[in-house]
Each structure stands twice: as C-alpha cells, then as structure tokens.
Amino acid sequence: MGLEKKSALLEDLIEKCGGCAVVDGGFATQLEIHGAAINDPLWSAVSLIKDPELIKRVHMEYLEAGADIVVTSSYQATIPGFLSRGLSMEESESLLQKSVKLAVEARDRFWDKVSKTSGHSYNRALVAASIGSYGAYLADGSEYSGSYGEDVTLDKLKDFHRRRIQVLVEASPDLLAFETIPNKLEAQACVELLEEENVQIPAWICFTSVDGENAPSGESFEECLETLNKSNNICAVGINCAPPQFMDNLIRKFSKLTKKAIVVYPNSGEVWDGKAKKWLPSQCFGDAEFEMFATKWRDLGAKLIGGCCRTTPSTIKAICRDLKRR
C-alpha cells in the first residue's frame with residue numbers, strides 16, 4: 001500500500017469519528033500503575049525486554065477505553081540504547097519490530113472480539129510507531145530545552161534516526177509518530193529522512209513547548225513548520241507532552257500556520273525534571289477537565305486528540321465521552 005492509500009486510512013478514520021479521532025494516553029504511566037520498574041535510560045522501552053505481555057495489556061486497556069490510534073512502546077527504544085545494554089544489533093532491531101508487532105496483535109485481537117458484537121461504537125484502530133526525539137535517547141531532559149549542543153548537526157540527527165526508522169517501517173505500522181521534537185533542526189532531519197528513504201507510511205511530527213508559544217529551542221512554530229508544510233510524507237503536525245493549559249493557544253496558532261491535520265496529546269500538567277528524574281507538582285488536569293476541554297480543542301481545529309504522560313485509560317475514556325458521547 002502506497003503513501004497516498006496509507007494517508008487515506010487516517011483521513012477516513014478521522015471522518016468516521018466525526019472529524020476528530022482519539023489517540024491513546026500515557027504508556028509509561030500505565031506500565032507503572034501495573035508495577036513495572038521503568039526508572040531506566042530506556043524508560044518504557046525496558047518493558048520490551050522484561051515484560052512484553054504487559055505492553056500488550058496496556059494497548060488493550062487503551063483500546064477498550066476507546067482509542068482510535070494506539071502508539072507503540074518504542075518512544076525511547078533506540079538501537080544505541082539497546083546496544084549500550086549489551087544487546088546485539090540483531091536483538092536491538094528485533095525489539096524495535098516487536099514494539100509494532102505487540103501493538104498490531106493487541107489491535108487485531110481487540111477488533112476481532114468487538115467486531116462480532118452488534119451495536120458497538122468502536123473503530124478499527126490504527127497503529128502509530130513512536131519515534132522519540134534525540135533528546136529522549138539522551139535521557140537528560142534536553143527534549144524540553146532543545147539544547148543539543150553545537151556538535152549535533154543535521155547529518156548527525158539523520159544518522160541517529162535512520163536505522164530506527166528503517167526497522168520500524170519494515171514492521172509495517174499504519175503511521176509513524178515523531179514525538180517531543182524540540183527544535184527546527186530535528187524536525188527537518190526527520191522530514192529529509194522520510195524522503196531519502198522513500199518511506200511510504202504517513203507520519204505526524206509533534207513538538208513540545210515549555211512556554212505555550214514556541215518550541216523549547218525558542219524557535220517560533222512558524223519557523224519549525226516551514227519544512228513540514230511542504231512534505232507529502234507528513235500527514236499531521238502538533239504538540240505532545242506539554243501542559244493542557246497551553247493547548248487552546250497552540251491549536252489556534254497551528255491552525256493559522258498549517259493546512260495539515262492538527263494533533264494534540266498533552267500531559268496532565270505536571271512538570272518533568274529531566275535531571276532529577278521526577279515529576280514536579282503543578283496545576284494539573286484530571287479526567288473531568290480533559291472531558292470538558294476535548295470538545296473545545298476539536299472545535300478550535302484539532303483532528304487528533306489524546307493524552308501523554310500521567311494520563312491513563314480513564315482519561316481517554318473521558319475524552320471519548322466528550323467527543324463521541326460513548
């Protein structure tokens with residue numbers, strides 16, 4: 001299936017959902033709720049090694065909550081990260097492919113079950129392969145600063161992402177999801193890689209924001225979106241893992257800057273201290289607030305809405321109640 005037909009899958013899903021589809025929620029958060037120990041440089045990806053069945057269970061919980069798109073557990077799964085744990089190149093690539101396989105298996109099992117039930121209100125979900133930023137691999141919080149240092153060039157970022165993208169594409173997800181991109185340079189690297197590798201799977205690119213106005217690097221979103229708007233490989237652009245209080249303004253801003261679909265999946269509002277490796281208390285959205293604001297975000301122009309860190313299946317269920325009245 002070529003790029004055009006794959007892109008149509010997402011467009012059809014959004015239309016079937018009444019103009020706004022629901023993305024799943026915080027993956028690592030739900031793993032921890034089930035007792036997984038993920039305070040590790042690989043973060044949630046460590047469960048690919050230790051407990052793949054738990055990953056499948058979390059995917060199922062989000063599907064049951066109503067998610068139309070499930071995102072794989074590969075956000076912090078990188079070949080250099082796996083190699084640093086003593087795994088071989090073959091084992092590292094196999095784990096990346098497993099992240100897609102587990103999501104696809106969960107999606108297919110869930111759909112096989114509900115599609116036989118008359119009157120259900122679910123959609124056959126799409127699987128998006130998560131590709132975290134270079135800063136996520138560094139595990140030093142730099143995905144929230146955009147400060148990679150002068151030695152990190154466009155070519156270095158492309159070299160970092162290239163093999164991971166190739167392996168994930170070989171696993172045949174429906175979508176690619178570049179997440180918490182903090183600067184224009186990395187967004188450009190992702191777009192150029194998709195073109196160089198002739199990737200026939202549509203992708204979204206999500207930035208994050210620490211001020212509600214710009215990318216973490218301080219660059220304007222107008223600058224950041226310039227390359228993305230010209231790419232046929234990019235089907236959606238947006239924001240993830242930023243406070244929900246920022247979403248109104250950012251959706252308005254993106255609506256003026258792009259004709260691509262807009263995707264937003266904020267965190268709960270808590271702030272992650274990348275150096276101390278802990279969440280800091282701050283103004284948070286609970287499920288009730290997500291339920292209340294989801295329709296507003298849709299009406300402002302968001303076509304894909306979900307949750308990121310510290311959100312759970314109950315958050316996604318609340319969003320679905322608001323958007324789908326499930």
# chains A, B, ... in the order shown; residues from 1 in each chain; ligands from 1
>>> select_by_dssp(residues="segment 91-242 of chain A", states="strand (DSSP E or B)", output="PDB file with C-alpha atoms, in the first residue's frame")
ATOM      1  CA  LEU A 126      -4.556   2.398  13.578  1.00  0.00           C
ATOM      2  CA  VAL A 127      -1.077   1.654  14.942  1.00  0.00           C
ATOM      3  CA  ALA A 128       1.422   4.523  15.095  1.00  0.00           C
ATOM      4  CA  ALA A 129       5.097   3.650  15.607  1.00  0.00           C
ATOM      5  CA  SER A 130       6.555   6.053  18.156  1.00  0.00           C
ATOM      6  CA  ILE A 131       9.890   7.723  17.361  1.00  0.00           C
ATOM      7  CA  GLY A 132      11.161   9.785  20.251  1.00  0.00           C
ATOM      8  CA  LEU A 175       1.615   5.581  10.855  1.00  0.00           C
ATOM      9  CA  LEU A 176       4.883   6.961  12.178  1.00  0.00           C
ATOM     10  CA  ALA A 177       4.715   9.306  15.183  1.00  0.00           C
ATOM     11  CA  PHE A 178       7.711  11.580  15.797  1.00  0.00           C
ATOM     12  CA  GLU A 179       7.270  12.827  19.357  1.00  0.00           C
ATOM     13  CA  THR A 180       8.539  15.642  21.620  1.00  0.00           C
ATOM     14  CA  ILE A 181      10.642  17.224  18.874  1.00  0.00           C
ATOM     15  CA  ALA A 203       3.905  10.430   9.648  1.00  0.00           C
ATOM     16  CA  TRP A 204       2.994  13.066  12.146  1.00  0.00           C
ATOM     17  CA  ILE A 205       5.532  15.268  13.881  1.00  0.00           C
ATOM     18  CA  CYS A 206       4.749  16.593  17.337  1.00  0.00           C
ATOM     19  CA  PHE A 207       6.765  19.295  19.024  1.00  0.00           C
ATOM     20  CA  ILE A 234       3.747  14.496   6.879  1.00  0.00           C
ATOM     21  CA  CYS A 235       0.015  13.987   7.423  1.00  0.00           C
ATOM     22  CA  ALA A 236      -0.315  15.844  10.718  1.00  0.00           C
ATOM     23  CA  VAL A 237       1.595  18.230  12.961  1.00  0.00           C
ATOM     24  CA  GLY A 238       1.056  19.236  16.542  1.00  0.00           C
ATOM     25  CA  ILE A 239       2.043  19.153  20.187  1.00  0.00           C
ATOM     26  CA  ASN A 240       2.586  16.394  22.720  1.00  0.00           C
TER      27      ASN A 240
END
>>> residues_around(residues="Thr312 of chain A", least_positions_apart="6", cutoff="7 Å", atoms="only C-alpha atoms", output="number ranges by chain")
A: 25-26, 29-30
>>> residues_around(residues="Val58 of chain A", least_positions_apart="5", cutoff="12 Å", atoms="only C-alpha atoms", output="JSON, numbers by chain")
{"A": [24, 25, 26, 27, 28, 29, 30, 31, 32, 33, 34, 36, 44, 47, 51, 52, 53, 63, 64, 65, 67, 70, 71, 72, 73, 102, 103, 106, 107, 312, 313]}
>>> atom_distance(atom1="atom CA of Ala8 of chain A", atom2="atom CA of Lys324 of chain A")
21.3 Å
>>> atom_distance(atom1="atom CA of Leu87 of chain A", atom2="atom CA of Pro173 of chain A")
23.9 Å
>>> residues_around(residues="segment 257-259 of chain A", least_positions_apart="5", cutoff="12 Å", atoms="only C-alpha atoms", output="NGL selection string")
:A and (220-232 or 234-238 or 250-252 or 301-303)
>>> decode(residues="segment 184-196 of chain A", atoms="all heavy atoms", output="short mmCIF file (atom, residue, chain, number, x, y, z; two decimals), in the first residue's frame")
data_model
loop_
_atom_site.label_atom_id
_atom_site.label_comp_id
_atom_site.auth_asym_id
_atom_site.auth_seq_id
_atom_site.Cartn_x
_atom_site.Cartn_y
_atom_site.Cartn_z
N LYS A 184 13.70 23.05 15.29
CA LYS A 184 13.51 23.01 13.85
C LYS A 184 14.47 22.02 13.20
O LYS A 184 14.11 21.31 12.25
CB LYS A 184 13.71 24.40 13.26
CG LYS A 184 13.58 24.46 11.74
CD LYS A 184 13.85 25.86 11.22
CE LYS A 184 13.79 25.91 9.70
NZ LYS A 184 14.05 27.28 9.18
N LEU A 185 15.70 21.95 13.70
CA LEU A 185 16.73 21.11 13.09
C LEU A 185 16.32 19.64 13.07
O LEU A 185 16.45 18.96 12.05
CB LEU A 185 18.06 21.28 13.83
CG LEU A 185 19.27 20.58 13.21
CD1 LEU A 185 19.65 21.24 11.88
CD2 LEU A 185 20.46 20.61 14.18
N GLU A 186 15.82 19.16 14.20
CA GLU A 186 15.43 17.74 14.25
C GLU A 186 14.20 17.47 13.41
O GLU A 186 14.09 16.42 12.77
CB GLU A 186 15.21 17.28 15.69
CG GLU A 186 15.03 15.77 15.80
CD GLU A 186 15.26 15.23 17.18
OE1 GLU A 186 15.21 16.00 18.16
OE2 GLU A 186 15.49 14.01 17.32
N ALA A 187 13.27 18.41 13.37
CA ALA A 187 12.09 18.25 12.51
C ALA A 187 12.52 18.16 11.05
O ALA A 187 12.03 17.31 10.29
CB ALA A 187 11.13 19.43 12.71
N GLN A 188 13.46 18.99 10.66
CA GLN A 188 13.98 18.95 9.30
C GLN A 188 14.67 17.63 9.00
O GLN A 188 14.50 17.05 7.93
CB GLN A 188 14.96 20.11 9.08
CG GLN A 188 15.51 20.21 7.66
CD GLN A 188 16.48 21.37 7.50
OE1 GLN A 188 16.53 22.28 8.33
NE2 GLN A 188 17.26 21.35 6.43
N ALA A 189 15.44 17.14 9.97
CA ALA A 189 16.13 15.86 9.80
C ALA A 189 15.13 14.73 9.56
O ALA A 189 15.32 13.87 8.70
CB ALA A 189 16.99 15.55 11.03
N CYS A 190 14.03 14.74 10.32
CA CYS A 190 13.00 13.69 10.18
C CYS A 190 12.35 13.75 8.80
O CYS A 190 12.16 12.71 8.15
CB CYS A 190 11.95 13.85 11.27
SG CYS A 190 12.60 13.60 12.95
N VAL A 191 12.01 14.95 8.35
CA VAL A 191 11.37 15.11 7.05
C VAL A 191 12.31 14.66 5.93
O VAL A 191 11.91 13.92 5.01
CB VAL A 191 10.93 16.57 6.83
CG1 VAL A 191 10.50 16.79 5.39
CG2 VAL A 191 9.79 16.92 7.77
N GLU A 192 13.56 15.08 5.99
CA GLU A 192 14.52 14.71 4.94
C GLU A 192 14.76 13.20 4.91
O GLU A 192 14.89 12.60 3.83
CB GLU A 192 15.83 15.46 5.14
CG GLU A 192 15.70 16.96 4.85
CD GLU A 192 17.05 17.67 4.85
OE1 GLU A 192 18.10 17.00 4.86
OE2 GLU A 192 17.04 18.91 4.83
N LEU A 193 14.78 12.58 6.10
CA LEU A 193 14.97 11.13 6.15
C LEU A 193 13.82 10.39 5.49
O LEU A 193 14.03 9.41 4.76
CB LEU A 193 15.09 10.67 7.61
CG LEU A 193 16.48 10.47 8.18
CD1 LEU A 193 16.38 10.02 9.63
CD2 LEU A 193 17.27 9.46 7.37
N LEU A 194 12.60 10.82 5.76
CA LEU A 194 11.44 10.18 5.15
C LEU A 194 11.52 10.23 3.63
O LEU A 194 11.18 9.26 2.95
CB LEU A 194 10.16 10.85 5.63
CG LEU A 194 9.81 10.70 7.11
CD1 LEU A 194 8.61 11.56 7.47
CD2 LEU A 194 9.54 9.24 7.48
N GLU A 195 12.00 11.33 3.11
CA GLU A 195 12.13 11.48 1.66
C GLU A 195 13.30 10.66 1.13
O GLU A 195 13.18 9.97 0.12
CB GLU A 195 12.28 12.96 1.32
CG GLU A 195 11.02 13.77 1.61
CD GLU A 195 11.23 15.27 1.49
OE1 GLU A 195 12.39 15.70 1.25
OE2 GLU A 195 10.24 16.01 1.64
N GLU A 196 14.44 10.71 1.82
CA GLU A 196 15.62 9.96 1.37
C GLU A 196 15.38 8.46 1.36
O GLU A 196 15.87 7.75 0.47
CB GLU A 196 16.81 10.29 2.28
CG GLU A 196 17.37 11.69 2.11
CD GLU A 196 18.43 12.02 3.15
OE1 GLU A 196 18.92 11.08 3.82
OE2 GLU A 196 18.76 13.21 3.30
#
